[in-house]
Amino acid sequence: EESGLLGSAYYAANPIVPLAQTVGGINIDAIQPIGETKDVIVVGFGSSELEDRLSDVLAPRGMRIEPDTNPSAGYFYRSDHISLAKRGVPMLYADGGVDHVTKGSAYGEAFGKEYTELRYHKPADEYDNSWDLSGIDQVTEILFELGYKLADSSDWPNWYDGNEFRALRDEQRAGMDD
């Protein structure tokens, strides 16, 4: 990622599974170690039907999707999944949430702000024994379940109507047996 998305660009140009036969992808990038939350952040919210599938996984847990609070920063276009998205494959970029189950959103937001300002891509960006990793476990289980259900389904997700990558996917999948 930090070197210009070279690895994902290479894979998108040389996929192991043809992109027309790739159901979709899940980008797991930055899960803050704040503990369990009531939400999952979707970067690039409003992009693909994978969000509907994520909502279905979250609902029985009493959780919800929250859109990225800073879409103008363009994070959706600056992470590894974009190489596949640009070639039509529906992608979901999900991060851990900020609404901590007992400490609330203010705690999660403050934690994220402190991490970003003082640690992210800086010498202090190292593991800290005080972190609560249970939220990383929570999101990993959620995204594993989403991936498992996606792999076990014959109903292929697509980009939402009006998304810039929708026409690519429709062309890619034209005439394919789902």
# chains A, B, ... in the order shown; residues from 1 in each chain; ligands from 1
>>> residues_around(residues="Asp128 in chain A", least_positions_apart="5", cutoff="12 Å", atoms="only C-alpha atoms", output="compact mmCIF listing (two decimals) with all heavy atoms, in the first residue's frame")
# COMPACT_ATOMS: atom_id res chain seq x y z
N GLN A 32 -8.86 -0.67 14.93
CA GLN A 32 -8.27 -0.07 16.13
C GLN A 32 -8.41 -1.02 17.33
O GLN A 32 -9.45 -1.64 17.50
CB GLN A 32 -8.97 1.25 16.46
CG GLN A 32 -8.80 2.32 15.41
CD GLN A 32 -7.42 2.96 15.44
OE1 GLN A 32 -6.72 2.92 16.44
NE2 GLN A 32 -7.03 3.55 14.33
N PRO A 33 -7.40 -1.12 18.16
CA PRO A 33 -7.44 -2.01 19.32
C PRO A 33 -8.13 -1.38 20.53
O PRO A 33 -7.54 -1.20 21.59
CB PRO A 33 -5.95 -2.28 19.59
CG PRO A 33 -5.27 -1.03 19.14
CD PRO A 33 -6.06 -0.54 17.96
N ILE A 34 -9.41 -1.02 20.35
CA ILE A 34 -10.14 -0.35 21.43
C ILE A 34 -11.09 -1.28 22.18
O ILE A 34 -11.73 -0.85 23.11
CB ILE A 34 -10.93 0.87 20.91
CG1 ILE A 34 -12.07 0.45 19.97
CG2 ILE A 34 -10.02 1.86 20.23
CD1 ILE A 34 -13.05 1.55 19.65
N TYR A 115 -4.30 7.79 18.25
CA TYR A 115 -3.47 6.85 17.49
C TYR A 115 -3.00 7.48 16.18
O TYR A 115 -1.83 7.42 15.84
CB TYR A 115 -4.23 5.55 17.22
CG TYR A 115 -3.40 4.57 16.44
CD1 TYR A 115 -2.49 3.74 17.09
CD2 TYR A 115 -3.46 4.51 15.06
CE1 TYR A 115 -1.69 2.86 16.38
CE2 TYR A 115 -2.67 3.65 14.34
CZ TYR A 115 -1.79 2.81 15.00
OH TYR A 115 -0.99 1.96 14.29
N ARG A 119 0.79 8.05 16.53
CA ARG A 119 1.43 6.78 16.24
C ARG A 119 1.47 6.42 14.75
O ARG A 119 2.46 5.91 14.27
CB ARG A 119 0.72 5.64 16.98
CG ARG A 119 0.84 5.72 18.47
CD ARG A 119 0.03 4.58 19.09
NE ARG A 119 0.05 4.60 20.53
CZ ARG A 119 0.76 3.76 21.28
NH1 ARG A 119 1.51 2.84 20.73
NH2 ARG A 119 0.71 3.85 22.58
N LEU A 133 -7.62 -6.09 22.55
CA LEU A 133 -7.69 -6.72 21.23
C LEU A 133 -9.00 -7.45 20.96
O LEU A 133 -9.18 -8.02 19.88
CB LEU A 133 -6.50 -7.67 21.05
CG LEU A 133 -5.11 -7.04 21.25
CD1 LEU A 133 -4.03 -8.10 21.04
CD2 LEU A 133 -4.90 -5.85 20.35
>>> select_by_dssp(residues="chain A", states="alpha helix (DSSP H)", output="PyMOL selection string")
chain A and resi 6-13+50-58+82-85+104-118+134-151+166-173
>>> residues_around(residues="Val40 in chain A", least_positions_apart="3", cutoff="10 Å", atoms="only C-alpha atoms", output="ChimeraX atom specification")
/A:31,37,43,54-55,58,63-68,94-99,139,142
>>> atom_distance(atom1="CA of Gly112 in chain A", atom2="CA of Asn129 in chain A")
16.6 Å
>>> closest_residue(among="A:Val17, A:Glu36, A:Ser48, A:Ala9", to="Arg61 in chain A", atoms="only C-alpha atoms")
A:Glu36
>>> select_by_dssp(residues="chain A", states="strand (DSSP E)", output="VMD selection string")
chain A and resid 25 to 28 39 to 43 64 to 67 91 to 96
>>> residues_around(residues="range 78-84 of chain A", least_positions_apart="4", cutoff="10 Å", atoms="only C-alpha atoms", output="PyMOL selection string")
chain A and resi 1-2+4-13+15+19+22+24-29+73-74+88-93
>>> closest_residue(among="A:Val57, A:Ile16, A:Leu168, A:Ile41", to="Tyr148 in chain A", atoms="only C-alpha atoms")
A:Val57
>>> residues_around(residues="Pro157 in chain A", least_positions_apart="2", cutoff="10 Å", atoms="only C-alpha atoms", output="list in words")
Val23, Gly24, Ser48, Glu49, Leu50, Glu51, Asp52, Arg53, Val89, Pro90, Met91, Leu150, Ser153, Ser154, Asp155, Trp159 and Tyr160 of chain A
>>> closest_residue(among="A:Pro60, A:Gly147, A:Gly162, A:Gly35", to="Gly108 in chain A", atoms="only C-alpha atoms")
A:Gly35
>>> closest_residue(among="A:Trp131, A:Gly175, A:Ala30, A:Ala167", to="Arg87 in chain A", atoms="only C-alpha atoms")
A:Ala167
